[in-house]
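So this one's upload-v4.txt, compact mmCIF, C-alpha atoms:
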# COMPACT_ATOMS: atom_id res chain seq x y z
CA MET A 1400 20.17 -16.01 -14.02
CA HIS A 1401 18.14 -15.90 -10.79
CA THR A 1402 19.81 -16.50 -7.43
CA PRO A 1403 18.13 -18.78 -4.87
CA ASP A 1404 15.36 -17.32 -2.71
CA HIS A 1405 16.89 -18.10 0.69
CA SER A 1406 14.18 -16.29 2.66
CA SER A 1407 11.30 -18.13 0.89
CA PHE A 1408 9.80 -14.78 -0.07
CA TYR A 1409 8.06 -16.58 -2.90
CA GLN A 1410 5.85 -18.33 -0.34
CA ILE A 1411 4.99 -15.04 1.35
CA ILE A 1412 3.80 -13.52 -1.94
CA SER A 1413 1.99 -16.74 -2.84
CA ASN A 1414 -0.07 -16.51 0.36
CA PHE A 1415 -1.65 -13.16 -0.56
CA PRO A 1416 -4.96 -14.66 -1.82
CA GLN A 1417 -5.21 -16.58 1.46
CA GLN A 1418 -5.06 -13.30 3.41
CA ILE A 1419 -8.18 -12.10 1.58
CA GLU A 1420 -9.97 -15.40 2.18
CA GLU A 1421 -9.34 -15.10 5.93
CA ALA A 1422 -10.47 -11.45 6.19
CA PRO A 1423 -14.20 -11.97 6.97
CA GLY A 1424 -13.42 -14.35 9.84
CA LEU A 1425 -10.97 -11.94 11.47
CA ILE A 1426 -13.65 -9.42 12.50
CA LYS A 1427 -16.19 -11.97 13.79
CA ASN A 1428 -15.13 -11.59 17.43
CA LEU A 1429 -14.61 -7.82 17.28
CA ASP A 1430 -16.74 -6.08 19.93
CA LEU A 1431 -18.13 -2.93 18.33
CA LYS A 1432 -20.75 -2.05 20.95
CA VAL A 1433 -18.86 1.11 21.94
CA VAL A 1434 -18.53 2.25 18.31
CA LYS A 1435 -21.37 4.54 17.24
CA LYS A 1436 -22.31 5.17 13.63
CA ASP A 1437 -22.58 8.95 13.47
CA TYR A 1438 -19.07 10.35 13.12
CA ASP A 1439 -18.02 13.57 11.41
CA HIS A 1440 -14.78 12.18 9.98
CA LEU A 1441 -12.36 9.24 10.05
CA ILE A 1442 -8.63 9.39 10.72
CA PHE A 1443 -6.44 6.43 9.77
CA LEU A 1444 -3.19 6.21 11.77
CA GLY A 1445 -0.25 4.34 10.30
CA MET A 1446 3.25 4.39 8.86
CA GLY A 1447 4.95 2.55 6.00
CA GLY A 1448 3.29 -0.67 4.91
CA SER A 1449 0.53 -0.20 7.48
CA ALA A 1450 -0.35 3.32 6.31
CA ILE A 1451 -0.65 2.31 2.68
CA ALA A 1452 -3.64 0.14 3.63
CA GLY A 1453 -5.32 3.42 4.55
CA ASP A 1454 -4.30 4.96 1.24
CA PHE A 1455 -5.88 2.06 -0.63
CA LEU A 1456 -9.09 2.26 1.39
CA LYS A 1457 -9.41 6.01 0.98
CA CYS A 1458 -8.75 5.92 -2.76
CA TYR A 1459 -10.96 2.90 -3.45
CA LEU A 1460 -13.88 4.31 -1.44
CA HIS A 1461 -13.52 8.01 -2.28
CA GLN A 1462 -16.72 8.16 -4.35
CA GLU A 1463 -18.80 6.34 -1.73
CA PHE A 1464 -17.43 6.99 1.75
CA PRO A 1465 -19.95 9.18 3.64
CA ILE A 1466 -17.53 11.20 5.78
CA PRO A 1467 -14.10 12.83 5.24
CA PHE A 1468 -11.28 10.26 5.36
CA LEU A 1469 -7.80 11.42 6.46
CA ILE A 1470 -4.49 9.52 6.63
CA ASN A 1471 -2.20 10.52 9.53
CA ARG A 1472 1.49 9.64 9.23
CA ASN A 1473 2.99 11.30 12.27
CA TYR A 1474 3.27 11.39 16.07
CA SER A 1475 0.77 14.23 16.41
CA LEU A 1476 -2.89 14.65 15.43
CA PRO A 1477 -4.96 17.61 14.18
CA ASP A 1478 -6.53 19.74 16.91
CA PHE A 1479 -10.08 19.11 15.67
CA ILE A 1480 -10.29 15.47 16.79
CA GLY A 1481 -12.81 14.67 19.50
CA SER A 1482 -15.82 12.53 20.33
CA LYS A 1483 -17.13 12.80 16.75
CA THR A 1484 -13.89 11.33 15.35
CA LEU A 1485 -13.54 7.68 14.37
CA VAL A 1486 -9.88 6.56 14.50
CA ILE A 1487 -8.43 3.42 12.91
CA ALA A 1488 -5.00 2.84 14.49
CA CYS A 1489 -3.10 0.42 12.25
CA SER A 1490 0.38 -0.94 12.98
CA TYR A 1491 1.20 -4.42 11.70
CA SER A 1492 3.89 -5.00 14.35
CA GLY A 1493 1.93 -3.08 16.98
CA ASP A 1494 5.11 -1.24 17.96
CA THR A 1495 5.23 1.67 15.50
CA GLU A 1496 6.12 4.59 17.75
CA GLU A 1497 4.40 7.28 15.66
CA THR A 1498 1.14 5.30 15.64
CA ILE A 1499 1.31 4.55 19.38
CA ALA A 1500 1.87 8.23 20.19
CA ALA A 1501 -1.01 9.38 17.97
CA THR A 1502 -3.29 6.68 19.44
CA LYS A 1503 -2.64 7.93 22.98
CA THR A 1504 -3.46 11.47 21.83
CA ALA A 1505 -6.72 10.23 20.30
CA ILE A 1506 -7.63 8.49 23.57
CA LYS A 1507 -7.13 11.72 25.51
CA ALA A 1508 -9.32 13.54 22.98
CA LYS A 1509 -12.12 11.01 23.63
CA ALA A 1510 -12.19 9.81 20.01
CA ALA A 1511 -13.66 6.40 19.13
CA ILE A 1512 -10.73 4.10 18.32
CA ILE A 1513 -10.38 0.69 16.71
CA GLY A 1514 -6.90 -0.82 16.82
CA ILE A 1515 -5.49 -3.31 14.34
CA SER A 1516 -2.15 -5.12 14.67
CA SER A 1517 -0.56 -8.54 15.12
CA GLY A 1518 0.13 -7.73 18.78
CA GLY A 1519 2.75 -5.47 20.39
CA LYS A 1520 2.24 -2.26 22.35
CA LEU A 1521 -0.86 -1.27 20.40
CA GLU A 1522 -2.70 -4.38 21.58
CA LYS A 1523 -1.77 -3.60 25.20
CA VAL A 1524 -2.96 0.02 24.87
CA MET A 1525 -6.28 -1.09 23.38
CA GLU A 1526 -6.81 -3.69 26.11
CA ALA A 1527 -5.93 -1.24 28.89
CA GLU A 1528 -8.40 1.31 27.50
CA GLU A 1529 -11.04 -1.36 26.73
CA ARG A 1530 -11.18 -0.31 23.08
CA PRO A 1531 -12.06 -2.62 20.14
CA PHE A 1532 -8.98 -4.42 18.87
CA LEU A 1533 -8.60 -6.51 15.72
CA LYS A 1534 -5.72 -8.98 15.97
CA ILE A 1535 -4.31 -10.15 12.65
CA PRO A 1536 -1.84 -12.99 11.93
CA ALA A 1537 1.85 -12.27 12.62
CA GLY A 1538 4.92 -13.46 10.73
CA TYR A 1539 4.85 -11.28 7.60
CA PRO A 1540 6.87 -8.22 6.63
CA PRO A 1541 4.36 -5.34 7.04
CA ARG A 1542 4.47 -4.53 3.32
CA GLN A 1543 3.38 -8.11 2.54
CA ALA A 1544 0.48 -8.08 5.02
CA LEU A 1545 -1.65 -5.64 2.99
CA GLY A 1546 -4.42 -8.23 2.64
CA TYR A 1547 -4.63 -8.66 6.42
CA MET A 1548 -5.03 -4.92 6.88
CA PHE A 1549 -7.08 -3.72 3.90
CA PHE A 1550 -9.74 -6.43 3.67
CA PRO A 1551 -10.69 -6.81 7.36
CA ILE A 1552 -11.09 -3.02 7.59
CA LEU A 1553 -13.18 -3.09 4.40
CA ASN A 1554 -15.37 -5.70 6.09
CA LEU A 1555 -15.45 -3.53 9.22
CA PHE A 1556 -16.73 -0.54 7.23
CA GLN A 1557 -19.45 -2.77 5.80
CA HIS A 1558 -20.40 -3.93 9.32
CA LEU A 1559 -20.63 -0.31 10.50
CA GLY A 1560 -22.91 0.53 7.59
CA LEU A 1561 -20.43 2.99 6.07
CA ILE A 1562 -20.29 1.17 2.70
CA LYS A 1563 -22.34 -1.41 0.82
CA PRO A 1564 -21.36 -5.13 0.88
CA ARG A 1565 -18.71 -6.33 -1.58
CA THR A 1566 -18.83 -10.11 -1.23
CA HIS A 1567 -18.89 -10.76 -5.00
CA ASP A 1568 -16.02 -8.36 -5.68
CA MET A 1569 -13.86 -10.01 -3.01
CA SER A 1570 -14.54 -13.45 -4.52
CA GLU A 1571 -13.46 -12.17 -7.92
CA VAL A 1572 -10.24 -10.73 -6.45
CA ILE A 1573 -9.33 -14.09 -4.87
CA LYS A 1574 -9.99 -15.95 -8.14
CA ILE A 1575 -7.90 -13.55 -10.25
CA LEU A 1576 -4.98 -13.49 -7.80
CA LYS A 1577 -4.82 -17.27 -7.80
CA GLU A 1578 -4.76 -17.25 -11.61
CA LEU A 1579 -1.97 -14.64 -11.59
CA ARG A 1580 -0.02 -16.74 -9.09
CA GLU A 1581 -0.25 -19.73 -11.41
CA ARG A 1582 0.79 -17.74 -14.50
CA ASN A 1583 3.78 -16.11 -12.76
CA HIS A 1584 5.08 -19.13 -10.89
CA PRO A 1585 8.91 -19.38 -10.91
CA GLU A 1586 8.67 -22.65 -12.83
CA LYS A 1587 6.92 -20.92 -15.74
CA THR A 1588 9.22 -20.18 -18.66
CA HIS A 1589 10.31 -16.59 -19.22
CA SER A 1590 8.10 -16.15 -22.31
CA HIS A 1591 4.96 -17.18 -20.37
CA ASN A 1592 5.79 -15.33 -17.13
CA LEU A 1593 4.78 -11.66 -17.50
CA CYS A 1594 6.31 -10.55 -14.18
CA ASN A 1595 9.64 -12.22 -14.85
CA HIS A 1596 9.64 -10.70 -18.34
CA ILE A 1597 9.08 -7.16 -16.99
CA ALA A 1598 11.77 -7.68 -14.33
CA GLN A 1599 14.29 -8.73 -17.00
CA LYS A 1600 13.53 -5.58 -19.00
CA LEU A 1601 13.99 -3.40 -15.89
CA TYR A 1602 17.46 -4.77 -15.11
CA LYS A 1603 19.94 -1.89 -14.75
CA LYS A 1604 17.12 0.64 -15.30
CA ILE A 1605 15.32 2.98 -12.90
CA PRO A 1606 11.55 2.34 -13.04
CA VAL A 1607 9.15 5.27 -13.19
CA ILE A 1608 5.55 4.22 -12.56
CA TYR A 1609 2.62 6.33 -13.76
CA THR A 1610 -1.16 6.03 -13.88
CA ALA A 1611 -4.09 8.04 -15.20
CA SER A 1612 -6.65 6.26 -13.02
CA GLU A 1613 -7.73 7.90 -9.77
CA PHE A 1614 -8.30 4.44 -8.26
CA LEU A 1615 -4.68 3.45 -8.93
CA TYR A 1616 -2.92 6.37 -7.21
CA PRO A 1617 -1.81 4.19 -4.24
CA VAL A 1618 -0.91 1.31 -6.59
CA VAL A 1619 1.87 3.27 -8.30
CA VAL A 1620 3.19 4.14 -4.83
CA ARG A 1621 3.00 0.45 -3.90
CA TRP A 1622 5.06 -0.51 -6.98
CA ARG A 1623 7.63 2.17 -6.14
CA ASN A 1624 7.89 1.06 -2.50
CA GLN A 1625 8.15 -2.63 -3.46
CA PHE A 1626 11.03 -1.82 -5.82
CA ASN A 1627 12.67 0.09 -2.94
CA GLU A 1628 12.20 -2.53 -0.22
CA ASN A 1629 12.18 -5.83 -2.12
CA SER A 1630 14.48 -5.11 -5.08
CA LYS A 1631 16.69 -2.55 -3.30
CA ILE A 1632 16.63 -0.06 -6.18
CA LEU A 1633 15.50 3.52 -6.63
CA ALA A 1634 12.12 4.01 -8.27
CA PHE A 1635 9.78 6.94 -8.82
CA SER A 1636 6.04 7.40 -9.29
CA ASN A 1637 3.52 10.06 -10.19
CA VAL A 1638 -0.02 10.44 -11.51
CA ILE A 1639 -1.83 11.99 -14.44
CA PRO A 1640 -3.00 14.74 -14.67
CA GLU A 1641 -0.61 16.23 -12.08
CA LEU A 1642 2.61 15.08 -13.78
CA THR A 1643 1.54 16.72 -17.05
CA HIS A 1644 1.75 20.10 -15.30
CA ASN A 1645 5.36 19.77 -14.10
CA GLU A 1646 7.26 16.45 -14.20
CA ILE A 1647 6.69 16.02 -17.95
CA MET A 1648 9.33 18.71 -18.52
CA GLY A 1649 11.95 16.51 -16.87
CA TRP A 1650 11.74 14.15 -19.83
CA GLU A 1651 13.42 16.80 -21.95
CA ALA A 1652 16.72 15.89 -20.24
CA SER A 1653 19.69 14.74 -22.29
CA ALA A 1654 19.72 11.23 -23.74
CA ASP A 1655 22.54 10.03 -21.45
CA ILE A 1656 20.21 10.70 -18.47
CA LEU A 1657 16.99 9.39 -20.01
CA ASN A 1658 18.66 6.12 -21.02
CA ASN A 1659 18.68 5.15 -17.33
CA PHE A 1660 14.87 5.04 -17.07
CA ASN A 1661 12.00 2.79 -18.11
CA VAL A 1662 8.40 3.93 -17.75
CA ILE A 1663 5.55 1.69 -16.60
CA PHE A 1664 1.94 2.81 -17.10
CA LEU A 1665 -0.61 1.09 -14.86
CA ARG A 1666 -4.00 1.06 -16.57
CA ASP A 1667 -7.62 0.25 -15.73
CA GLU A 1668 -11.07 0.84 -17.18
CA SER A 1669 -11.91 3.77 -14.88
CA GLU A 1670 -9.69 6.33 -16.64
CA THR A 1671 -11.65 9.43 -17.62
CA ALA A 1672 -11.62 10.43 -21.29
CA ARG A 1673 -9.50 13.53 -20.65
CA ASN A 1674 -6.95 11.71 -18.53
CA ARG A 1675 -6.75 8.87 -21.05
CA LYS A 1676 -6.03 11.44 -23.77
CA ARG A 1677 -3.33 13.03 -21.58
CA LEU A 1678 -1.78 9.59 -21.13
CA GLU A 1679 -1.72 8.91 -24.87
CA ILE A 1680 -0.09 12.29 -25.58
CA THR A 1681 2.46 11.61 -22.82
CA LYS A 1682 3.29 8.27 -24.46
CA GLU A 1683 3.92 10.10 -27.75
CA ILE A 1684 6.43 12.37 -26.01
CA PHE A 1685 8.23 9.36 -24.54
CA LYS A 1686 8.36 7.52 -27.85
CA LYS A 1687 9.78 10.62 -29.49
CA ASN A 1688 12.55 10.59 -26.88
CA LYS A 1689 13.08 6.82 -27.36
CA ILE A 1690 12.12 5.94 -23.77
CA ALA A 1691 11.07 2.33 -23.19
CA ILE A 1692 7.41 2.03 -22.12
CA PHE A 1693 5.47 -0.83 -20.54
CA GLU A 1694 1.71 -0.83 -20.11
CA VAL A 1695 0.21 -3.16 -17.50
CA PHE A 1696 -3.56 -3.51 -17.32
CA GLY A 1697 -5.65 -4.49 -14.32
CA GLU A 1698 -7.67 -7.70 -14.62
CA GLY A 1699 -11.28 -8.44 -13.69
CA LYS A 1700 -14.63 -6.67 -13.95
CA SER A 1701 -14.66 -4.86 -10.59
CA VAL A 1702 -12.53 -1.89 -9.60
CA LEU A 1703 -11.35 -3.91 -6.59
CA SER A 1704 -10.06 -6.70 -8.84
CA GLN A 1705 -8.27 -4.29 -11.15
CA ILE A 1706 -6.58 -2.60 -8.18
CA PHE A 1707 -5.36 -5.77 -6.51
CA SER A 1708 -4.40 -7.61 -9.69
CA LEU A 1709 -1.99 -4.73 -10.37
CA VAL A 1710 -0.77 -4.82 -6.77
CA TYR A 1711 -0.02 -8.53 -7.14
CA ILE A 1712 1.75 -8.14 -10.48
CA GLY A 1713 3.95 -5.43 -8.94
CA ASP A 1714 4.83 -7.66 -6.00
CA TRP A 1715 5.95 -10.45 -8.33
CA VAL A 1716 7.95 -8.08 -10.56
CA SER A 1717 9.81 -6.66 -7.53
CA TYR A 1718 10.50 -10.22 -6.31
CA TYR A 1719 12.02 -11.37 -9.61
CA LEU A 1720 14.03 -8.16 -9.90
CA ALA A 1721 15.47 -8.74 -6.40
CA LEU A 1722 16.67 -12.18 -7.46
CA ILE A 1723 18.19 -10.80 -10.67
CA TYR A 1724 20.15 -8.27 -8.59
CA ASP A 1725 21.16 -11.00 -6.10
CA LYS A 1726 19.28 -9.25 -3.28
CA ASP A 1727 17.27 -10.82 -0.47
CA PRO A 1728 13.74 -9.39 -0.92
CA TYR A 1729 12.96 -10.05 2.75
CA LYS A 1730 15.71 -8.05 4.45
CA ILE A 1731 15.40 -4.28 5.03
CA GLN A 1732 18.69 -3.62 6.79
CA SER A 1733 18.80 0.18 6.44
CA ILE A 1734 15.28 0.55 7.84
CA GLN A 1735 16.13 -1.77 10.73
CA PHE A 1736 19.34 0.15 11.43
CA LEU A 1737 17.38 3.39 11.58
CA LYS A 1738 14.81 1.89 13.97
CA ASP A 1739 17.51 0.44 16.22
CA SER A 1740 19.35 3.77 16.30
CA LEU A 1741 16.15 5.66 17.18
CA SER A 1742 15.38 3.21 20.00
CA ARG A 1743 18.60 4.35 21.72
CA PHE A 1744 17.78 8.03 21.22
CA GLN A 1745 16.12 9.91 24.08
CA ASP A 1746 14.28 13.16 23.35
CA LYS A 1747 15.59 16.08 25.34
CA PRO A 1748 12.86 17.96 27.23
CA LYS A 1749 11.73 21.09 25.44
CA VAL A 1750 12.97 24.34 26.96
CA LYS A 1751 10.07 26.69 27.59
CA ARG A 1752 10.68 30.12 26.17
CA LYS A 1753 9.98 33.14 28.27
CA PRO A 1754 7.03 35.21 27.02

Representation of the structure as structure tokens:
Amino acid sequence: MHTPDHSSFYQIISNFPQQIEEAPGLIKNLDLKVVKKDYDHLIFLGMGGSAIAGDFLKCYLHQEFPIPFLINRNYSLPDFIGSKTLVIACSYSGDTEETIAATKTAIKAKAAIIGISSGGKLEKVMEAEERPFLKIPAGYPPRQALGYMFFPILNLFQHLGLIKPRTHDMSEVIKILKELRERNHPEKTHSHNLCNHIAQKLYKKIPVIYTASEFLYPVVVRWRNQFNENSKILAFSNVIPELTHNEIMGWEASADILNNFNVIFLRDESETARNRKRLEITKEIFKKNKIAIFEVFGEGKSVLSQIFSLVYIGDWVSYYLALIYDKDPYKIQSIQFLKDSLSRFQDKPKVKRKP
């Protein structure tokens, strides 16, 4: 029995295709005259839901992107940044303190910077320094604004000549997400609603999400994080082949421990033959230990569609699971408590040691 969705989180998830539709228009007024096109590397600054947009971009573009692509989740930056560094500073709220601190360091190092947020301190810093700034719509939890961060930056990379155009792929993504939204609508019966069905099977279980596709590495993390933040449950993720060198041994635990877990494999057509074989052998081990397995396949012809169809399915599953557990998928009280506590904390000045 599902509890009412008091925060209207359903509407937030439903709006995801709209975010992608709006992406091309968001960069139209972005002034890129000061941004050159001959950088040695790119550094993406972000935390939490904002940083994962960088993970998706890096993973999706890893075979094509012409320069090294680094994700920076911290206050500090590597010492090698300078005038040949392109920095994307991404903070949905615009007030993420780690991102603001790293942005100021990048400015001092004379790096080229493009800011992206819905406002906040980051917008003020960009305006004060006369740096390009991409303002995106406010009003979403950062984790549910992935479309407003990933797709405008993808368009930006196209505009800078770093990647080839992907207009057709983006159109396919929008079409497939709208179809998924229709098929997984709360009014659909349980037997015809895949996401509700998976959520029911995960009740009172700890999900472990795996993939053998190199394009889906950030997607398993996305599923894990959505279970954490939306459903308020523990979840774990890993990737093949790495997990077959270590974590696979953990599944030799006693039955009373293993009974607490369900495994979800996220699949797409880009799996290499060797990794696909590793996955099939791993499934045999799980079946031998009587561990419940779900396989969820990406939809569409393009890699982009397969990635974001799986993202969208995961969002809906975490939403239904939150309702089953009588949790508000919108609220993140522990995270907010931590942020509020940190805002009252003042760093003590460092004591210089005598040489």

With only C-alpha atoms as the counted atoms, please give the residues lying no more than 9 Å from A:Ile1442, apart from itself and same-chain residues fewer than 3 positions off, as a ChimeraX atom specification. /A:1467-1471,1480,1484-1488

Residues of stretch 1536-1598 of chain A that approach stretch 1679-1699 of chain A to 12 Å or less, counting all atoms listed in the file: could you list each one with the shortest pair of atoms and its distance in Å to one decimal, rows by chain and increasing residue number, as JSON lines?
{"residue": "A:His1567", "atom": "CA", "partner": "A:Gly1699", "partner_atom": "CA", "distance": 11.8}
{"residue": "A:Asp1568", "atom": "CA", "partner": "A:Gly1699", "partner_atom": "CA", "distance": 9.3}
{"residue": "A:Met1569", "atom": "CA", "partner": "A:Gly1699", "partner_atom": "CA", "distance": 11.1}
{"residue": "A:Ser1570", "atom": "CA", "partner": "A:Gly1699", "partner_atom": "CA", "distance": 10.9}
{"residue": "A:Glu1571", "atom": "CA", "partner": "A:Gly1699", "partner_atom": "CA", "distance": 7.2}
{"residue": "A:Val1572", "atom": "CA", "partner": "A:Gly1699", "partner_atom": "CA", "distance": 7.7}
{"residue": "A:Ile1573", "atom": "CA", "partner": "A:Gly1699", "partner_atom": "CA", "distance": 10.7}
{"residue": "A:Lys1574", "atom": "CA", "partner": "A:Gly1699", "partner_atom": "CA", "distance": 9.4}
{"residue": "A:Ile1575", "atom": "CA", "partner": "A:Gly1699", "partner_atom": "CA", "distance": 7.0}
{"residue": "A:Leu1576", "atom": "CA", "partner": "A:Glu1698", "partner_atom": "CA", "distance": 9.3}
{"residue": "A:Glu1578", "atom": "CA", "partner": "A:Glu1698", "partner_atom": "CA", "distance": 10.4}
{"residue": "A:Leu1579", "atom": "CA", "partner": "A:Glu1698", "partner_atom": "CA", "distance": 9.5}
{"residue": "A:Leu1593", "atom": "CA", "partner": "A:Val1695", "partner_atom": "CA", "distance": 9.7}
{"residue": "A:Cys1594", "atom": "CA", "partner": "A:Val1695", "partner_atom": "CA", "distance": 10.1}
{"residue": "A:His1596", "atom": "CA", "partner": "A:Phe1693", "partner_atom": "CA", "distance": 10.9}
{"residue": "A:Ile1597", "atom": "CA", "partner": "A:Phe1693", "partner_atom": "CA", "distance": 8.1}
{"residue": "A:Ala1598", "atom": "CA", "partner": "A:Phe1693", "partner_atom": "CA", "distance": 11.2}

Contacts of A:Gly1514 at 10 Å or less, counting only C-alpha atoms, minus same-chain residues fewer than 6 places along, as a list in words? Leu1444, Val1486, Ile1487, Ala1488, Cys1489, Ser1490, Gly1493, Thr1502, Leu1521, Glu1522, Val1524, Met1525, Glu1526, Arg1530, Pro1531, Phe1532, Leu1533 and Lys1534 of chain A

Work out how far apart atom CA of A:Thr1671 and atom CA of A:Leu1615 are and give it in Å to one decimal.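 Separation of atom CA of A:Thr1671 and atom CA of A:Leu1615: 12.6 Å.
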
Under the rule of at most 9 Å, produce a per-residue listing of stretch 1572-1635 of chain A near stretch 1728-1744 of chain A: chain, number, name, the closest pair of atoms, and the distance in Å, as a Markdown table, using all atoms listed in the file.
| residue | atom | partner | partner_atom | distance |
| --- | --- | --- | --- | --- |
| A:Glu1628 | CA | A:Ile1731 | CA | 6.4 |
| A:Asn1629 | CA | A:Pro1728 | CA | 4.1 |
| A:Ser1630 | CA | A:Pro1728 | CA | 6.0 |
| A:Lys1631 | CA | A:Pro1728 | CA | 7.8 |

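Distances from A:Leu1555, A:Tyr1547, A:Phe1408, A:Ser1636 to A:Leu1431 were compared using only C-alpha atoms, and the smallest one belongs to A:Leu1555.
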
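Checking A:Ala1422, A:Val1662, A:Met1548, A:Val1618 one by one against A:Trp1650, counting all atoms listed in the file, you find the shortest gap at A:Val1662.
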
Could you give me the axis-aligned bounding box of stretch 1616-1631 of chain A, with 6 Å of padding per side, as centre plus edge lengths in Å to one decimal, as lines of an AutoDock Vina configuration file?
center_x = 6.9
center_y = 0.3
center_z = -4.3
size_x = 31.6
size_y = 24.2
size_z = 20.1

Need to verify the contact set: A:Gln1410, 12 Å, all atoms listed in the file, exclusion of same-chain residues closer than 2 positions in sequence. Can you return it as a ChimeraX atom specification? /A:1404-1408,1412-1417,1539,1543,1580,1584-1585,1715,1718,1728-1729

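Candidate residues A:Val1716, A:Ala1721, A:Leu1703, A:Val1638 were compared for distance to A:Thr1566, and the nearest is A:Leu1703, using all atoms listed in the file.
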